[in-house]
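A.B. asks: This is the content of coords08.pdb (PDB, C-alpha atoms):
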```pdb
ATOM      1  CA  MET J 230       6.834 -28.843 129.973
ATOM      2  CA  ASP J 231       4.574 -31.618 131.222
ATOM      3  CA  GLU J 232       6.562 -33.798 133.606
ATOM      4  CA  THR J 233       3.835 -36.449 133.914
ATOM      5  CA  PRO J 234       5.129 -39.882 132.949
ATOM      6  CA  LEU J 235       3.743 -41.426 129.774
ATOM      7  CA  LEU J 236       3.960 -45.147 130.518
ATOM      8  CA  THR J 237       4.278 -47.488 133.481
ATOM      9  CA  MET J 238       5.763 -50.944 133.751
ATOM     10  CA  THR J 239       5.516 -53.492 136.524
ATOM     11  CA  LYS J 240       5.954 -57.216 137.004
ATOM     12  CA  SER J 241       2.680 -58.875 136.049
ATOM     13  CA  ARG J 242       3.300 -62.523 136.849
ATOM     14  CA  ILE J 243       5.851 -65.309 136.908
ATOM     15  CA  VAL J 244       5.108 -67.944 134.270
ATOM     16  CA  GLY J 245       8.119 -70.217 134.550
ATOM     17  CA  GLU J 246      11.004 -71.172 136.760
ATOM     18  CA  GLN J 247      13.030 -68.144 137.757
ATOM     19  CA  PRO J 248      16.667 -68.629 136.829
ATOM     20  CA  VAL J 249      19.430 -67.944 139.312
ATOM     21  CA  ILE J 250      20.061 -64.215 139.039
ATOM     22  CA  SER J 251      22.811 -61.889 140.211
ATOM     23  CA  LYS J 252      22.464 -59.412 143.084
ATOM     24  CA  GLU J 253      22.131 -56.615 140.513
ATOM     25  CA  SER J 254      19.353 -58.482 138.710
ATOM     26  CA  GLN J 255      17.625 -59.249 142.023
ATOM     27  CA  ALA J 256      17.626 -55.525 142.871
ATOM     28  CA  LEU J 257      16.171 -54.719 139.443
ATOM     29  CA  PHE J 258      13.577 -57.480 139.874
ATOM     30  CA  GLU J 259      12.491 -55.956 143.190
ATOM     31  CA  THR J 260      12.285 -52.484 141.605
ATOM     32  CA  LEU J 261      10.157 -53.835 138.751
ATOM     33  CA  SER J 262       7.840 -55.525 141.254
ATOM     34  CA  GLY J 263       6.598 -52.008 142.009
ATOM     35  CA  LEU J 264       5.232 -49.525 139.515
ATOM     36  CA  CYS J 265       7.990 -47.946 137.417
ATOM     37  CA  SER J 266       7.235 -44.963 135.219
ATOM     38  CA  PHE J 267       8.782 -43.789 131.968
ATOM     39  CA  HIS J 268       8.517 -40.327 130.422
ATOM     40  CA  SER J 269       8.565 -41.502 126.811
ATOM     41  CA  CYS J 270       8.227 -44.578 124.640
ATOM     42  CA  GLU J 271      11.927 -44.165 123.812
ATOM     43  CA  ASP J 272      12.837 -44.295 127.530
ATOM     44  CA  LEU J 273      10.954 -47.549 128.023
ATOM     45  CA  ALA J 274      12.210 -49.107 124.778
ATOM     46  CA  SER J 275      15.822 -48.232 125.577
ATOM     47  CA  PHE J 276      15.423 -49.768 129.060
ATOM     48  CA  LEU J 277      13.988 -53.010 127.630
ATOM     49  CA  PHE J 278      17.068 -53.406 125.448
ATOM     50  CA  THR J 279      19.694 -52.651 128.117
ATOM     51  CA  ASP J 280      22.151 -55.340 129.183
ATOM     52  CA  MET J 281      20.883 -54.839 132.734
ATOM     53  CA  PHE J 282      17.308 -55.817 131.747
ATOM     54  CA  ARG J 283      18.457 -58.627 129.430
ATOM     55  CA  ASN J 284      20.611 -60.054 132.260
ATOM     56  CA  LEU J 285      17.530 -60.156 134.493
ATOM     57  CA  VAL J 286      15.220 -61.876 132.002
ATOM     58  CA  GLY J 287      17.891 -64.224 130.656
ATOM     59  CA  GLU J 288      18.244 -65.988 127.336
ATOM     60  CA  GLY J 289      16.115 -69.065 127.994
ATOM     61  CA  GLU J 290      12.373 -69.599 127.945
ATOM     62  CA  PRO J 291      10.271 -66.640 129.107
ATOM     63  CA  TRP J 292       9.690 -66.863 132.864
ATOM     64  CA  ILE J 293       8.305 -63.435 133.666
ATOM     65  CA  ILE J 294       5.642 -61.219 132.136
ATOM     66  CA  PHE J 295       5.504 -57.470 132.625
ATOM     67  CA  GLU J 296       2.562 -55.138 132.220
ATOM     68  CA  ILE J 297       3.041 -51.867 130.367
ATOM     69  CA  GLY J 298       0.316 -49.309 130.933
ATOM     70  CA  VAL J 299      -0.734 -45.799 130.068
ATOM     71  CA  TYR J 300       0.218 -43.648 133.075
ATOM     72  CA  LYS J 301      -2.942 -41.511 132.925
ATOM     73  CA  ASP J 302      -5.296 -44.491 132.418
ATOM     74  CA  HIS J 303      -4.279 -47.692 134.187
ATOM     75  CA  THR J 304      -7.034 -49.653 132.421
ATOM     76  CA  LYS J 305      -5.060 -49.427 129.160
ATOM     77  CA  THR J 306      -2.326 -52.047 129.294
ATOM     78  CA  ILE J 307      -0.351 -54.487 127.193
ATOM     79  CA  GLU J 308       1.858 -57.365 128.239
ATOM     80  CA  SER J 309       5.583 -57.425 127.661
ATOM     81  CA  ILE J 310       7.145 -60.871 127.485
ATOM     82  CA  PRO J 311      10.942 -60.904 127.147
ATOM     83  CA  VAL J 312      12.011 -63.608 124.682
ATOM     84  CA  HIS J 313      15.540 -64.633 123.696
ATOM     85  CA  ASP J 314      15.618 -62.513 120.532
ATOM     86  CA  GLY J 315      13.502 -59.543 121.554
ATOM     87  CA  ILE J 316      10.354 -58.528 123.397
ATOM     88  CA  THR J 317       6.879 -59.877 122.677
ATOM     89  CA  LEU J 318       4.227 -57.165 123.086
ATOM     90  CA  ALA J 319       0.722 -58.573 123.486
ATOM     91  CA  ASP J 320      -2.506 -56.582 123.546
ATOM     92  CA  GLY J 321      -4.879 -58.783 125.528
ATOM     93  CA  ALA J 322      -7.629 -56.154 125.263
ATOM     94  CA  MET J 323      -7.341 -56.354 121.448
ATOM     95  CA  THR J 324      -7.638 -52.584 121.065
ATOM     96  CA  GLY J 325      -6.227 -52.593 117.552
ATOM     97  CA  GLY J 326      -3.193 -50.597 118.679
ATOM     98  CA  ILE J 327      -0.899 -53.533 117.877
ATOM     99  CA  SER J 328      -1.287 -55.221 114.516
ATOM    100  CA  GLY J 329      -2.630 -58.731 115.082
ATOM    101  CA  ASN J 330      -2.600 -57.964 118.843
ATOM    102  CA  VAL J 331       0.846 -59.607 119.230
ATOM    103  CA  THR J 332       4.234 -58.608 117.863
ATOM    104  CA  VAL J 333       7.860 -59.399 118.608
ATOM    105  CA  VAL J 334      10.094 -56.330 118.533
ATOM    106  CA  LYS J 335      13.760 -57.076 117.969
ATOM    107  CA  SER J 336      15.281 -53.610 118.339
ATOM    108  CA  GLN J 337      14.958 -50.521 120.464
ATOM    109  CA  ALA J 338      13.738 -48.522 117.437
ATOM    110  CA  GLU J 339      11.065 -51.077 116.562
ATOM    111  CA  CYS J 340       9.968 -51.203 120.207
ATOM    112  CA  THR J 341       9.731 -47.397 120.390
ATOM    113  CA  GLU J 342       7.649 -47.294 117.211
ATOM    114  CA  THR J 343       5.281 -50.044 118.396
ATOM    115  CA  LEU J 344       4.826 -48.508 121.859
ATOM    116  CA  SER J 345       4.257 -45.039 120.367
ATOM    117  CA  PHE J 346       1.641 -46.302 117.934
ATOM    118  CA  TRP J 347      -0.147 -48.313 120.645
ATOM    119  CA  HIS J 348      -0.053 -45.432 123.153
ATOM    120  CA  ASN J 349      -1.373 -42.924 120.619
ATOM    121  CA  TYR J 350      -4.035 -45.343 119.446
ATOM    122  CA  VAL J 351      -5.438 -46.150 122.899
ATOM    123  CA  THR J 352      -5.259 -42.592 124.233
ATOM    124  CA  ASN J 353      -7.052 -41.115 121.215
ATOM    125  CA  GLU J 354     -10.018 -43.484 121.042
TER
END
```
Any chance you could put this one into structure tokens?
C.D. replies:
Amino acid sequence: MDETPLLTMTKSRIVGEQPVISKESQALFETLSGLCSFHSCEDLASFLFTDMFRNLVGEGEPWIIFEIGVYKDHTKTIESIPVHDGITLADGAMTGGISGNVTVVKSQAECTETLSFWHNYVTNE
């Protein structure tokens, strides 16, 4: 079996005032400041909907943007912006892998489906 990760995620930039966060969230923030890899779209989607991740990003206005990329081709990326009711996925390169180039996913299943479609689309062009 191929053990190469499928996707990567890292902190892209801070776009607002960082809320006061717990020690656990600070540790996660520091981890996400480096390149994290995920073996499947399901792995990444399930992580984005964990309480641990939601506690880090908070319920208020988005203050942090993450970059999700194809592990084998770091030029293929989308932005992940945690919002109070889900995750905004934005395809700045406008590859066509995300309908309308921006979508808000509100569940782990929807996130998995969107990431899978985008990943397959950009790796098969």
A.B. asks: I'd like the neighbourhood of region 283-298 of chain J as an MDAnalysis selection string, where a residue qualifies if any of its atoms comes within 6 Å (using all atoms listed in the file), though same-chain residues fewer than 3 positions away should be ignored.
C.D. replies: chainID J and resid 236:246 254 280 303 305:310 312:313
A.B. asks: Excluding same-chain residues fewer than 5 positions from region 333-349 of chain J, what lies within 8 Å of it counting only C-alpha atoms, as a list in words?
C.D. replies: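 Those residues are Cys270, Glu271, Leu273, Ala274, Ser275, Leu277, Phe278, Val299, Asp314, Gly315, Ile316, Thr317, Leu318, Gly326 and Ile327 of chain J.
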A.B. asks: In Å to one decimal, how far is CA of Thr260 (chain J) from CA of Lys301 (chain J)?
C.D. replies: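 Separating CA of Lys301 (chain J) from CA of Thr260 (chain J) is a distance of 20.7 Å.
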A.B. asks: I need the output of the PyMOL selection byres ((chain J and resi 233) around 9) for this file as a PyMOL selection string; which residues are they?
C.D. replies: chain J and resi 231-232+234-235+268+300-301
A.B. asks: CA of Thr332 (chain J) and CA of Ser251 (chain J), how far apart in Å?
C.D. replies: 29.2 Å
A.B. asks: Grab the CA of Asp302 (chain J) to CA of Phe282 (chain J) distance for me, in Å with one decimal place.
C.D. replies: 25.3 Å
A.B. asks: Nearest residue to Met323 (chain J) out of J:Met281, J:Pro311, J:Tyr350, J:Phe267, using all atoms listed in the file?
C.D. replies: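 Checking each of J:Met281, J:Pro311, J:Tyr350, J:Phe267 against Met323 (chain J), counting all atoms listed in the file, the winner is J:Tyr350.
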